[in-house]
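Colleague: upload19.txt (compact mmCIF, C-alpha atoms and all ligand atoms) pasted underneath:
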# COMPACT_ATOMS: atom_id res chain seq x y z
CA MET W 164 23.31 -13.82 -20.85
CA ASP W 165 27.12 -13.73 -21.13
CA ARG W 166 28.95 -10.42 -20.68
CA TYR W 167 32.37 -9.51 -22.05
CA ASP W 168 34.39 -6.26 -22.22
CA CYS W 169 34.81 -6.76 -25.92
CA VAL W 170 33.30 -9.10 -28.50
CA ILE W 171 34.92 -9.63 -31.89
CA VAL W 172 32.84 -11.13 -34.68
CA GLY W 173 34.96 -13.08 -37.19
CA ALA W 174 38.32 -14.76 -36.55
CA GLY W 175 40.20 -13.96 -39.76
CA PRO W 176 43.49 -12.01 -39.60
CA GLY W 177 41.70 -8.81 -38.53
CA GLY W 178 39.60 -10.37 -35.76
CA ALA W 179 42.41 -12.54 -34.40
CA THR W 180 44.83 -9.59 -34.31
CA PHE W 181 42.41 -7.39 -32.40
CA ALA W 182 41.45 -10.22 -30.04
CA ARG W 183 45.08 -10.82 -29.09
CA ARG W 184 45.73 -7.14 -28.43
CA SER W 185 42.54 -6.73 -26.44
CA ALA W 186 43.22 -9.81 -24.28
CA LEU W 187 46.84 -8.75 -23.70
CA GLU W 188 45.56 -5.42 -22.38
CA GLY W 189 43.45 -7.24 -19.82
CA PHE W 190 40.02 -6.92 -21.45
CA LYS W 191 37.68 -9.89 -21.10
CA THR W 192 37.60 -10.77 -24.79
CA LEU W 193 35.36 -13.07 -26.81
CA LEU W 194 36.25 -14.01 -30.40
CA ILE W 195 33.25 -15.45 -32.29
CA GLU W 196 33.68 -17.46 -35.51
CA LYS W 197 31.04 -19.25 -37.59
CA GLU W 198 33.46 -21.92 -38.85
CA SER W 199 35.75 -24.16 -36.82
CA PHE W 200 39.53 -24.06 -37.09
CA PRO W 201 41.47 -24.97 -39.06
CA ARG W 202 39.18 -23.57 -41.76
CA ASN W 203 39.98 -22.47 -45.28
CA LYS W 204 39.37 -19.05 -46.82
CA VAL W 205 39.28 -18.28 -50.55
CA CYS W 206 42.50 -16.33 -51.01
CA GLY W 207 45.77 -16.22 -52.95
CA GLY W 208 47.65 -16.17 -49.65
CA GLY W 209 50.33 -13.66 -50.72
CA VAL W 210 51.48 -11.74 -47.64
CA THR W 211 53.84 -8.76 -47.84
CA PRO W 212 56.79 -8.79 -45.44
CA ALA W 213 55.73 -5.56 -43.69
CA ILE W 214 53.15 -7.59 -41.76
CA ARG W 215 56.03 -8.80 -39.59
CA ARG W 216 56.32 -5.27 -38.21
CA LEU W 217 52.69 -5.43 -37.06
CA LEU W 218 52.58 -8.89 -35.49
CA ASP W 219 54.25 -9.31 -32.09
CA PHE W 220 55.05 -12.99 -32.77
CA ASP W 221 56.78 -14.96 -35.47
CA HIS W 222 54.65 -16.60 -38.15
CA SER W 223 57.50 -18.13 -40.21
CA ILE W 224 56.28 -21.62 -39.35
CA VAL W 225 53.19 -21.09 -41.55
CA VAL W 226 55.06 -19.52 -44.47
CA GLU W 227 55.16 -22.14 -47.24
CA ARG W 228 57.43 -20.22 -49.62
CA THR W 229 59.01 -16.80 -49.88
CA VAL W 230 59.20 -15.55 -53.44
CA GLY W 231 61.88 -13.16 -54.65
CA GLY W 232 60.73 -13.00 -58.25
CA ILE W 233 57.78 -11.72 -60.21
CA THR W 234 56.57 -12.62 -63.70
CA PHE W 235 54.29 -10.29 -65.63
CA LEU W 236 52.49 -11.32 -68.77
CA SER W 237 49.69 -10.06 -70.99
CA ARG W 238 47.12 -12.05 -72.91
CA ASP W 239 47.95 -10.40 -76.21
CA GLU W 240 51.75 -10.61 -75.90
CA PRO W 241 53.72 -13.84 -76.40
CA GLU W 242 56.61 -12.87 -74.14
CA ASP W 243 56.60 -13.01 -70.34
CA HIS W 244 58.75 -10.64 -68.28
CA THR W 245 60.41 -11.98 -65.16
CA TRP W 246 62.19 -9.83 -62.60
CA TYR W 247 64.10 -10.62 -59.41
CA PRO W 248 64.18 -7.16 -57.87
CA ASP W 249 66.40 -6.40 -54.87
CA GLY W 250 64.43 -6.54 -51.66
CA MET W 251 61.46 -8.49 -52.94
CA ALA W 252 60.36 -11.19 -50.47
CA VAL W 253 56.65 -11.97 -50.50
CA ASP W 254 55.50 -14.77 -48.21
CA MET W 255 53.11 -17.37 -49.53
CA VAL W 256 50.81 -18.86 -46.91
CA SER W 257 47.89 -21.21 -46.84
CA ARG W 258 45.03 -19.41 -45.09
CA ARG W 259 44.07 -22.62 -43.33
CA GLU W 260 47.33 -22.60 -41.38
CA PHE W 261 48.02 -18.85 -41.31
CA ASP W 262 44.64 -17.91 -39.83
CA HIS W 263 44.75 -20.78 -37.37
CA HIS W 264 48.19 -19.60 -36.21
CA LEU W 265 46.86 -16.08 -35.56
CA VAL W 266 43.80 -17.39 -33.74
CA ARG W 267 45.99 -19.57 -31.51
CA ARG W 268 48.04 -16.51 -30.56
CA ALA W 269 44.82 -14.71 -29.60
CA VAL W 270 43.77 -17.65 -27.42
CA ASP W 271 47.29 -17.85 -25.88
CA ALA W 272 46.84 -14.21 -24.88
CA GLY W 273 43.61 -15.05 -23.05
CA ALA W 274 40.84 -14.45 -25.60
CA VAL W 275 37.91 -16.90 -25.43
CA LEU W 276 37.18 -18.48 -28.82
CA ALA W 277 33.60 -19.47 -29.69
CA GLU W 278 33.72 -21.53 -32.91
CA LYS W 279 30.76 -22.75 -34.99
CA THR W 280 28.85 -19.71 -33.75
CA LYS W 281 27.24 -17.60 -36.42
CA VAL W 282 26.24 -14.06 -35.54
CA VAL W 283 22.97 -13.01 -37.15
CA SER W 284 22.64 -9.46 -35.84
CA VAL W 285 24.02 -6.86 -33.47
CA ARG W 286 21.93 -4.21 -31.71
CA GLU W 287 23.56 -1.10 -30.33
CA SER W 288 22.02 0.84 -27.45
CA THR W 289 23.36 3.74 -25.37
CA LYS W 290 25.00 1.42 -22.82
CA ASN W 291 26.05 -1.67 -24.76
CA VAL W 292 25.82 -3.84 -27.86
CA MET W 293 23.80 -7.05 -27.99
CA VAL W 294 25.26 -9.74 -30.25
CA VAL W 295 22.69 -12.32 -31.33
CA THR W 296 23.76 -15.72 -32.63
CA GLU W 297 22.01 -18.17 -34.93
CA ASN W 298 21.08 -20.33 -31.91
CA GLY W 299 19.34 -17.38 -30.30
CA ASP W 300 22.06 -16.77 -27.70
CA GLU W 301 22.61 -13.14 -26.69
CA ILE W 302 25.99 -11.80 -25.67
CA SER W 303 26.36 -8.31 -24.33
CA ALA W 304 29.47 -6.11 -24.48
CA PRO W 305 30.18 -2.37 -24.31
CA VAL W 306 32.18 -2.59 -27.54
CA VAL W 307 31.98 -4.88 -30.57
CA ILE W 308 34.49 -5.29 -33.39
CA GLY W 309 33.13 -6.29 -36.79
CA ALA W 310 35.82 -8.46 -38.38
CA ASP W 311 33.40 -10.70 -40.25
CA GLY W 312 34.68 -10.12 -43.77
CA ALA W 313 33.29 -8.91 -47.06
CA ARG W 314 29.61 -9.70 -46.32
CA SER W 315 29.74 -8.32 -42.81
CA VAL W 316 26.60 -8.79 -40.72
CA VAL W 317 28.00 -6.37 -38.15
CA ALA W 318 28.50 -3.62 -40.76
CA ARG W 319 24.96 -4.04 -42.06
CA SER W 320 23.39 -4.18 -38.58
CA ALA W 321 25.28 -1.04 -37.54
CA GLY W 322 24.26 0.89 -40.66
CA LEU W 323 27.90 1.00 -41.81
CA GLY W 324 27.47 -1.45 -44.69
CA ARG W 325 28.78 -0.72 -48.16
CA ALA W 326 27.09 -2.31 -51.13
CA TYR W 327 29.91 -2.66 -53.61
CA GLY W 328 33.12 -4.58 -54.18
CA GLY W 329 34.89 -6.76 -56.71
CA VAL W 330 34.76 -10.51 -57.30
CA ALA W 331 37.43 -13.18 -57.63
CA LEU W 332 37.72 -16.88 -58.31
CA GLU W 333 40.48 -19.12 -57.00
CA ALA W 334 41.51 -22.78 -57.10
CA GLU W 335 44.33 -24.84 -55.66
CA VAL W 336 46.14 -26.56 -58.52
CA TYR W 337 48.31 -29.59 -57.68
CA PRO W 338 50.87 -30.46 -60.37
CA ARG W 339 51.40 -34.21 -60.82
CA ASP W 340 55.11 -33.67 -61.48
CA LYS W 341 56.29 -32.05 -58.24
CA SER W 342 59.53 -30.78 -59.83
CA VAL W 343 57.36 -28.14 -61.52
CA LEU W 344 56.89 -26.53 -58.12
CA GLU W 345 60.62 -26.15 -57.65
CA GLU W 346 61.05 -24.79 -61.16
CA HIS W 347 58.28 -22.19 -60.76
CA GLY W 348 58.24 -21.87 -57.00
CA ASP W 349 60.44 -18.80 -56.65
CA ARG W 350 58.15 -16.24 -58.25
CA ALA W 351 54.62 -14.88 -58.29
CA VAL W 352 52.90 -14.54 -61.67
CA PHE W 353 50.51 -11.73 -62.60
CA GLY W 354 48.63 -11.83 -65.91
CA PHE W 355 46.78 -8.91 -67.49
CA GLY W 356 44.13 -8.72 -70.20
CA PHE W 357 42.33 -11.91 -69.13
CA VAL W 358 39.62 -10.11 -67.18
CA PRO W 359 38.47 -6.48 -67.50
CA ARG W 360 39.78 -4.21 -64.73
CA GLY W 361 41.63 -6.97 -62.96
CA TYR W 362 44.32 -9.62 -63.23
CA GLY W 363 45.06 -13.31 -62.91
CA TRP W 364 47.65 -14.76 -60.54
CA VAL W 365 49.67 -17.93 -59.99
CA PHE W 366 51.17 -18.10 -56.49
CA PRO W 367 53.38 -21.07 -55.54
CA LYS W 368 52.70 -22.87 -52.25
CA LYS W 369 54.32 -25.91 -50.62
CA ASP W 370 52.57 -28.57 -52.74
CA HIS W 371 50.31 -26.61 -55.10
CA PHE W 372 49.74 -23.33 -56.89
CA SER W 373 47.00 -20.88 -56.02
CA VAL W 374 45.57 -19.89 -59.39
CA GLY W 375 42.96 -17.19 -59.62
CA ILE W 376 41.45 -14.24 -61.36
CA GLY W 377 39.82 -11.15 -59.91
CA THR W 378 38.26 -7.88 -60.98
CA THR W 379 37.23 -4.63 -59.36
CA ARG W 380 33.85 -5.02 -61.09
CA GLY W 381 31.02 -6.14 -58.82
CA ARG W 382 29.62 -8.59 -61.38
CA MET W 383 31.55 -10.56 -63.96
CA PRO W 384 29.52 -13.06 -66.00
CA GLY W 385 31.72 -15.80 -67.47
CA LEU W 386 34.39 -15.55 -64.77
CA ILE W 387 34.90 -19.35 -64.82
CA SER W 388 35.63 -19.33 -68.53
CA LEU W 389 38.01 -16.37 -68.13
CA TYR W 390 39.73 -18.28 -65.34
CA ARG W 391 40.14 -21.32 -67.65
CA GLN W 392 41.63 -19.19 -70.41
CA PHE W 393 44.10 -17.74 -67.93
CA ARG W 394 45.08 -21.13 -66.51
CA ASP W 395 45.49 -22.58 -70.04
CA ARG W 396 48.21 -20.02 -70.70
CA PHE W 397 50.59 -22.07 -68.51
CA ASP W 398 51.97 -25.34 -69.87
CA PHE W 399 53.19 -26.28 -66.40
CA LEU W 400 49.59 -26.27 -65.11
CA LYS W 401 48.27 -28.61 -67.82
CA GLU W 402 49.19 -31.89 -66.09
CA ALA W 403 47.69 -31.01 -62.75
CA ASP W 404 44.75 -31.79 -60.46
CA GLU W 405 42.52 -28.90 -59.63
CA GLY W 406 40.75 -28.57 -56.29
CA GLU W 407 37.39 -26.90 -55.92
CA ARG W 408 37.08 -23.51 -57.66
CA ARG W 409 35.68 -21.00 -55.26
CA GLY W 410 34.54 -17.45 -55.77
CA TRP W 411 34.26 -14.68 -53.21
CA PHE W 412 33.97 -10.93 -52.93
CA ILE W 413 36.87 -8.52 -52.70
CA PRO W 414 35.73 -5.37 -50.93
CA PHE W 415 38.00 -2.87 -52.67
CA CYS W 416 38.08 0.43 -50.86
CA ARG W 417 36.24 3.15 -52.76
CA ASP W 418 35.38 5.69 -50.11
CA SER W 419 36.28 6.87 -46.67
CA GLU W 420 32.89 6.67 -44.97
CA SER W 421 32.75 6.20 -41.23
CA MET W 422 34.05 2.86 -39.98
CA ASN W 423 32.74 3.07 -36.43
CA THR W 424 29.80 4.12 -34.28
CA HIS W 425 29.93 4.85 -30.53
CA ARG W 426 30.25 1.14 -29.73
CA ILE W 427 30.91 -0.74 -32.97
CA CYS W 428 34.08 -0.67 -35.01
CA LEU W 429 34.85 -2.39 -38.33
CA VAL W 430 38.25 -3.76 -39.34
CA GLY W 431 39.61 -5.41 -42.49
CA ASP W 432 37.22 -6.57 -45.21
CA SER W 433 34.13 -5.63 -43.19
CA ALA W 434 35.34 -2.00 -43.47
CA HIS W 435 36.19 -2.44 -47.19
CA LEU W 436 39.88 -1.86 -46.67
CA VAL W 437 41.27 -3.93 -49.57
CA ASP W 438 43.92 -2.10 -51.60
CA PRO W 439 42.11 -0.89 -54.78
CA PHE W 440 45.24 -1.30 -56.95
CA SER W 441 46.59 -4.70 -55.90
CA GLY W 442 43.74 -6.48 -54.11
CA GLU W 443 45.92 -6.95 -51.04
CA GLY W 444 43.75 -7.31 -47.95
CA ILE W 445 45.51 -9.41 -45.30
CA TYR W 446 48.02 -6.71 -44.39
CA TYR W 447 45.27 -4.07 -44.16
CA ALA W 448 43.07 -6.32 -42.01
CA VAL W 449 45.96 -6.68 -39.57
CA LEU W 450 46.91 -2.98 -39.81
CA SER W 451 43.35 -1.75 -39.22
CA ALA W 452 42.96 -4.16 -36.28
CA THR W 453 46.21 -2.76 -34.87
CA ILE W 454 44.94 0.81 -35.29
CA ALA W 455 41.66 -0.26 -33.65
CA ALA W 456 43.57 -1.74 -30.72
CA GLU W 457 45.55 1.51 -30.33
CA THR W 458 42.52 3.79 -30.46
CA VAL W 459 39.37 1.89 -29.47
CA LEU W 460 40.72 0.22 -26.34
CA GLU W 461 42.13 3.49 -25.02
CA GLU W 462 38.93 5.43 -25.72
CA PHE W 463 36.81 2.72 -24.21
CA ARG W 464 38.94 2.70 -21.05
CA GLU W 465 38.96 6.51 -20.72
CA LYS W 466 35.53 7.56 -21.99
CA GLY W 467 33.47 4.37 -22.21
CA ARG W 468 32.44 5.16 -25.78
CA LEU W 469 34.09 5.78 -29.15
CA SER W 470 34.57 9.03 -31.02
CA GLN W 471 35.52 9.07 -34.72
CA ARG W 472 39.22 8.76 -33.80
CA TYR W 473 39.54 5.23 -35.25
CA THR W 474 37.96 6.23 -38.57
CA LYS W 475 40.22 9.31 -38.78
CA GLU W 476 43.35 7.24 -38.07
CA VAL W 477 42.40 4.67 -40.73
CA ARG W 478 41.85 7.48 -43.22
CA LYS W 479 45.25 8.96 -42.38
CA ARG W 480 47.20 5.69 -42.37
CA ILE W 481 45.37 3.68 -45.04
CA THR W 482 42.59 5.11 -47.17
CA LYS W 483 44.03 8.57 -47.89
CA ASP W 484 46.73 6.94 -50.02
CA TYR W 485 44.10 4.73 -51.71
CA GLY W 486 42.99 7.84 -53.63
CA TYR W 487 46.39 7.73 -55.36
CA ALA W 488 46.06 3.92 -55.68
CA ARG W 489 42.91 4.38 -57.76
CA TRP W 490 44.66 6.88 -60.05
CA CYS W 491 47.61 4.47 -60.36
CA PHE W 492 45.12 1.74 -61.27
CA ASP W 493 43.69 3.82 -64.14
CA ILE W 494 47.16 4.68 -65.47
CA PHE W 495 48.76 1.23 -65.06
CA TYR W 496 45.81 -0.87 -66.26
CA ALA W 497 45.48 1.21 -69.44
CA SER W 498 48.70 -0.46 -70.64
CA PRO W 499 50.26 -2.81 -68.06
CA SER W 500 53.04 -4.09 -70.34
CA PHE W 501 54.25 -0.55 -71.03
CA PHE W 502 54.96 -0.21 -67.30
CA TYR W 503 56.04 -3.70 -66.21
CA LYS W 504 58.85 -3.78 -68.77
CA LYS W 505 60.55 -0.85 -66.99
CA ALA W 506 63.08 -1.63 -64.26
CA ARG W 507 62.33 1.68 -62.54
CA VAL W 508 58.65 0.81 -62.17
CA ILE W 509 59.46 -2.67 -60.85
CA ARG W 510 61.83 -1.20 -58.26
CA ALA W 511 59.12 1.20 -57.14
CA LEU W 512 56.45 -1.54 -56.95
CA THR W 513 58.81 -3.68 -54.86
CA ARG W 514 59.32 -0.82 -52.41
CA LEU W 515 55.56 -0.29 -52.36
CA SER W 516 54.96 -3.95 -51.56
CA ASN W 517 57.47 -3.63 -48.67
CA LYS W 518 55.52 -0.53 -47.50
CA GLU W 519 58.64 1.62 -47.84
CA ILE W 520 56.82 4.05 -50.13
CA GLN W 521 53.19 4.87 -50.87
CA TYR W 522 50.92 5.05 -53.91
CA ARG W 523 51.53 8.80 -53.94
CA ASP W 524 55.14 7.97 -54.91
CA ILE W 525 54.03 5.33 -57.44
CA PHE W 526 51.72 7.89 -59.01
CA THR W 527 54.67 10.24 -59.55
CA GLU W 528 56.75 7.35 -60.92
CA LEU W 529 54.05 6.21 -63.39
CA ARG W 530 53.51 9.76 -64.65
CA ARG W 531 57.25 10.20 -65.22
CA THR W 532 57.47 6.91 -67.20
C1 LIG H 601 40.08 -14.95 -54.36
C2 LIG H 601 40.75 -14.00 -53.38
C3 LIG H 601 42.14 -13.91 -53.37
C4 LIG H 601 42.78 -13.04 -52.46
N1 LIG H 601 44.14 -13.03 -52.42
C5 LIG H 601 44.78 -12.24 -51.52
C6 LIG H 601 46.20 -12.28 -51.40
O1 LIG H 601 46.90 -13.03 -52.08
N2 LIG H 601 46.78 -11.45 -50.50
C7 LIG H 601 46.04 -10.60 -49.70
O2 LIG H 601 46.64 -9.86 -48.90
N3 LIG H 601 44.69 -10.57 -49.78
C8 LIG H 601 44.03 -11.37 -50.65
N4 LIG H 601 42.67 -11.39 -50.68
C9 LIG H 601 41.92 -10.55 -49.73
C10 LIG H 601 41.95 -11.19 -48.33
O3 LIG H 601 41.50 -12.53 -48.43
C11 LIG H 601 41.07 -10.43 -47.34
O4 LIG H 601 41.30 -9.05 -47.49
C12 LIG H 601 41.36 -10.83 -45.89
O5 LIG H 601 41.03 -12.16 -45.67
C13 LIG H 601 40.59 -9.93 -44.92
O6 LIG H 601 40.73 -10.40 -43.60
P1 LIG H 601 39.56 -10.16 -42.53
O7 LIG H 601 40.08 -10.67 -41.23
O8 LIG H 601 39.07 -8.78 -42.62
O9 LIG H 601 38.34 -11.06 -43.05
P2 LIG H 601 38.26 -12.61 -43.39
O10 LIG H 601 39.59 -13.18 -43.61
O11 LIG H 601 37.24 -12.74 -44.47
O12 LIG H 601 37.70 -13.26 -42.07
C14 LIG H 601 36.35 -13.08 -41.67
C15 LIG H 601 35.98 -14.19 -40.70
O13 LIG H 601 34.67 -13.94 -40.20
C16 LIG H 601 33.93 -15.14 -40.19
N5 LIG H 601 32.51 -14.75 -40.27
C17 LIG H 601 31.86 -14.23 -41.34
N6 LIG H 601 30.58 -13.97 -41.04
C18 LIG H 601 30.41 -14.36 -39.75
C19 LIG H 601 29.29 -14.36 -38.88
N7 LIG H 601 28.08 -13.90 -39.28
N8 LIG H 601 29.45 -14.83 -37.61
C20 LIG H 601 30.65 -15.29 -37.19
N9 LIG H 601 31.77 -15.32 -37.99
C21 LIG H 601 31.63 -14.85 -39.25
C22 LIG H 601 34.43 -15.89 -41.43
O14 LIG H 601 34.17 -17.26 -41.34
C23 LIG H 601 35.93 -15.56 -41.37
O15 LIG H 601 36.65 -16.48 -40.60
C24 LIG H 601 42.00 -12.24 -51.57
C25 LIG H 601 40.61 -12.33 -51.59
C26 LIG H 601 39.98 -13.21 -52.48
C27 LIG H 601 38.47 -13.31 -52.47
Represent the supplied structure as structure tokens.
Ligand SMILES: Cc1cc2nc3c(=O)[nH]c(=O)nc-3n(C[C@H](O)[C@H](O)[C@H](O)COP(=O)(O)OP(=O)(O)OC[C@H]3O[C@@H](n4cnc5c(N)ncnc54)[C@H](O)[C@@H]3O)c2cc1C

Modeller:
Amino acid sequence: MDRYDCVIVGAGPGGATFARRSALEGFKTLLIEKESFPRNKVCGGGVTPAIRRLLDFDHSIVVERTVGGITFLSRDEPEDHTWYPDGMAVDMVSRREFDHHLVRRAVDAGAVLAEKTKVVSVRESTKNVMVVTENGDEISAPVVIGADGARSVVARSAGLGRAYGGVALEAEVYPRDKSVLEEHGDRAVFGFGFVPRGYGWVFPKKDHFSVGIGTTRGRMPGLISLYRQFRDRFDFLKEADEGERRGWFIPFCRDSESMNTHRICLVGDSAHLVDPFSGEGIYYAVLSATIAAETVLEEFREKGRLSQRYTKEVRKRITKDYGYARWCFDIFYASPSFFYKKARVIRALTRLSNKEIQYRDIFTELRRT
């Protein structure tokens, strides 16, 4: 039986970030991933610039485009509204390359990567946690990080699972006329009214667009047909080849239940930390992993077990403001076009995306509008 100081299950942005920090602090670290890299992940791949403040290395090499513009449109309105607000700079990445880059940085720092290794359960006892893989291997560690995404096995095994979340569908759309990418490659598109309690997006990448549709509802029959109606809105996507359409869950945050036990801690999607207004999850996976590295590693070193400090920090730095995000959602989604036509709202949303202000401020702004 192998023993490590720390085992991380899932090598997405959350798992890779924690693994790097843990290895850099001298912990014998194992990062377990069921796929092998480079692997894809269903995602729009829009990353807000504030993530650069969290990562201790440059990831520009995997940024395919940086968009400074934003187009809003509604199904029942013929006119689109495009803005180029000061300070807007959202990076567009392909998760295949972005995640691989983060994993490489974890390995550079000394983490051991076990690919093609699916974890089927974890068992916590007073002294350690036993991680059991599909092949029947058992790995023991005093602390385990669940970073295994929206359908987290670790969360369920630890009794920290949450049963709800939204759904989304995404496809990579390759225009035959590549000049279309240059023409539309400087802005992100958000469309409202195509799906209840959600939106559609068109994000430009190096050689394709990520086109998708998502909702906070846990079930959405007919999502494929809603996706088609959204895609058909864009003439520039008509002459294009579409890759495989893939659906996945978006674990929108709806509560602030505990995110850790004495020896198990959840980060990112496994802890349901997706922004309930925007659906942004990559930044929060990296932020929660950073908070986990700051709290869990210290507690483990000093006390050998975890208190609720991690959960309290995540509440303070992430989910407390999500209460306002949910109110903003109800106000904004009641009439998106009323808000997105206002320069003041766009300025505020840009600052929010840069993490200069919080939903509490957006809430005030929307109520004033
Ligand atoms: C359609 C769609 C579009 C999205 N668009 C955006 C966007 O544009 N911007 C944004 O910020 N967020 C977006 N999100 C959300 C974002 O993808 C997630 O919030 C983010 O990936 C969370 O990172 P994570 O590290 O927590 O989990 P993940 O990225 O899901 O990584 C989990 C890892 O764990 C591995 N794993 C799972 N189970 C096991 C197991 N049993 N054993 C071993 N390994 C396992 C998986 O293979 C995966 O590599 C989108 C989500 C969807 C579904």

Colleague: Identify, on the basis of all atoms listed in the file, every residue whose closest approach to Ile525 (chain W) does not exceed 9 Å; exclude the query and any residue fewer than 4 positions from it along the same chain; express the result as a JSON list (two decimals) with C-alpha atoms, keeping the file's coordinate frame.

Modeller:
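Result file selection-v9.json:
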[["chain", "number", "residue", "atom", "x", "y", "z"],
["W", 487, "TYR", "CA", 46.39, 7.73, -55.36],
["W", 488, "ALA", "CA", 46.06, 3.92, -55.68],
["W", 491, "CYS", "CA", 47.61, 4.47, -60.36],
["W", 508, "VAL", "CA", 58.65, 0.81, -62.17],
["W", 511, "ALA", "CA", 59.12, 1.20, -57.14],
["W", 512, "LEU", "CA", 56.45, -1.54, -56.95],
["W", 515, "LEU", "CA", 55.56, -0.29, -52.36],
["W", 520, "ILE", "CA", 56.82, 4.05, -50.13],
["W", 521, "GLN", "CA", 53.19, 4.87, -50.87],
["W", 529, "LEU", "CA", 54.05, 6.21, -63.39],
["W", 530, "ARG", "CA", 53.51, 9.76, -64.65]]

Colleague: Around all the atoms of ligand LIG 601 (chain H) listed in the file, draw an axis-aligned box and extend it by 6 Å on each of the six sides; I want its centre and edge lengths in Å to one decimal, as JSON.

Modeller:
{"center_x": 37.5, "center_y": -13.0, "center_z": -45.8, "size_x": 30.8, "size_y": 20.5, "size_z": 29.2}

Colleague: Using all atoms listed in the file, determine which residues fall within 7 Å of ligand LIG 601 (chain H), then list them as a PyMOL selection string.

Modeller: chain W and resi 172-178+195-198+204-210+280-283+310-316+330-333+375+377+410-413+430-433+437+442-446+448

Colleague: For His425 (chain W), which residue among W:Ala326, W:Ala277, W:Val292, W:Leu344 is the nearest when counting all atoms listed in the file?

Modeller: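 Comparing W:Ala326, W:Ala277, W:Val292, W:Leu344 against His425 (chain W), the winner is W:Val292.
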
Colleague: What is the distance, in Å and to one decimal place, between CA of Asp262 (chain W) and CA of Arg228 (chain W)?

Modeller: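 Separation of CA of Asp262 (chain W) and CA of Arg228 (chain W): 16.3 Å.
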
Colleague: So the first atom is CA of Val336 (chain W) and the second is CA of Gly406 (chain W); what is the distance between them in Å, to one decimal place?

Modeller: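 Taking CA of Val336 (chain W) as the start and CA of Gly406 (chain W) as the end point, the length is 6.2 Å.
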
Colleague: Here is a test: counting all atoms listed in the file, which residue of W:Glu260, W:Tyr337, W:Thr180, W:Pro305 is nearest to Arg166 (chain W)?

Modeller: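 Of all the options, W:Pro305 lies closest to Arg166 (chain W).
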
Colleague: One decimal, in Å: what's the spacing between CA of Val459 (chain W) and CA of Gly486 (chain W)?

Modeller: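 Taking CA of Val459 (chain W) as the start and CA of Gly486 (chain W) as the end point, the length is 25.1 Å.
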
Colleague: I need the residue nearest Lys191 (chain W) from this list: W:Asn298, W:Ser451, W:Ser303, W:Asn517. Use only C-alpha atoms for the distance.

Modeller: W:Ser303

Colleague: Please build the interface table for region 329-399 of chain W against region 216-226 of chain W with a cut-off of 12 Å, listing for each qualifying residue the nearest atom pair and the distance in Å to one decimal; count all atoms listed in the file, order rows by chain and increasing number, and write it as JSON lines.

Modeller:
{"residue": "W:Pro367", "atom": "CA", "partner": "W:Val226", "partner_atom": "CA", "distance": 11.3}
{"residue": "W:Lys368", "atom": "CA", "partner": "W:Val226", "partner_atom": "CA", "distance": 8.8}
{"residue": "W:Lys369", "atom": "CA", "partner": "W:Val226", "partner_atom": "CA", "distance": 8.9}

Colleague: Hey, what's within 6 Å of region 263-274 of chain W if we count only C-alpha atoms and toss same-chain stuff fewer than 3 positions away? As a list of chain:residue names, please?

Modeller: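 Once the nearby chain positions are removed, what remains is W:Ala179, W:Ala182, W:Arg183, W:Ala186, W:Leu187, W:Thr192, W:Leu193, W:Pro201, W:Glu260.
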
Colleague: Atoms to include: C-alpha atoms. Write the selected residues as a PDB file, in the frame of the given file.

Modeller:
ATOM      1  CA  ALA W 179      42.410 -12.540 -34.400  1.00  0.00           C
ATOM      2  CA  ALA W 182      41.450 -10.220 -30.040  1.00  0.00           C
ATOM      3  CA  ARG W 183      45.080 -10.820 -29.090  1.00  0.00           C
ATOM      4  CA  ALA W 186      43.220  -9.810 -24.280  1.00  0.00           C
ATOM      5  CA  LEU W 187      46.840  -8.750 -23.700  1.00  0.00           C
ATOM      6  CA  THR W 192      37.600 -10.770 -24.790  1.00  0.00           C
ATOM      7  CA  LEU W 193      35.360 -13.070 -26.810  1.00  0.00           C
ATOM      8  CA  PRO W 201      41.470 -24.970 -39.060  1.00  0.00           C
ATOM      9  CA  GLU W 260      47.330 -22.600 -41.380  1.00  0.00           C
TER      10      GLU W 260
END

Colleague: Which protein, DNA or RNA residues are at most 10 Å from (41.4, -9.3, -69.7) in the file's coordinates when you count all atoms listed in the file, listed as a PDB file with C-alpha atoms, in the frame of the given file?

Modeller:
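Result file part.pdb:
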ATOM      1  CA  SER W 237      49.690 -10.060 -70.990  1.00  0.00           C
ATOM      2  CA  ARG W 238      47.120 -12.050 -72.910  1.00  0.00           C
ATOM      3  CA  ASP W 239      47.950 -10.400 -76.210  1.00  0.00           C
ATOM      4  CA  GLY W 354      48.630 -11.830 -65.910  1.00  0.00           C
ATOM      5  CA  PHE W 355      46.780  -8.910 -67.490  1.00  0.00           C
ATOM      6  CA  GLY W 356      44.130  -8.720 -70.200  1.00  0.00           C
ATOM      7  CA  PHE W 357      42.330 -11.910 -69.130  1.00  0.00           C
ATOM      8  CA  VAL W 358      39.620 -10.110 -67.180  1.00  0.00           C
ATOM      9  CA  PRO W 359      38.470  -6.480 -67.500  1.00  0.00           C
ATOM     10  CA  ARG W 360      39.780  -4.210 -64.730  1.00  0.00           C
ATOM     11  CA  GLY W 361      41.630  -6.970 -62.960  1.00  0.00           C
ATOM     12  CA  TYR W 362      44.320  -9.620 -63.230  1.00  0.00           C
ATOM     13  CA  GLY W 363      45.060 -13.310 -62.910  1.00  0.00           C
ATOM     14  CA  ILE W 376      41.450 -14.240 -61.360  1.00  0.00           C
ATOM     15  CA  THR W 378      38.260  -7.880 -60.980  1.00  0.00           C
ATOM     16  CA  LEU W 389      38.010 -16.370 -68.130  1.00  0.00           C
ATOM     17  CA  GLN W 392      41.630 -19.190 -70.410  1.00  0.00           C
ATOM     18  CA  PHE W 393      44.100 -17.740 -67.930  1.00  0.00           C
TER      19      PHE W 393
END
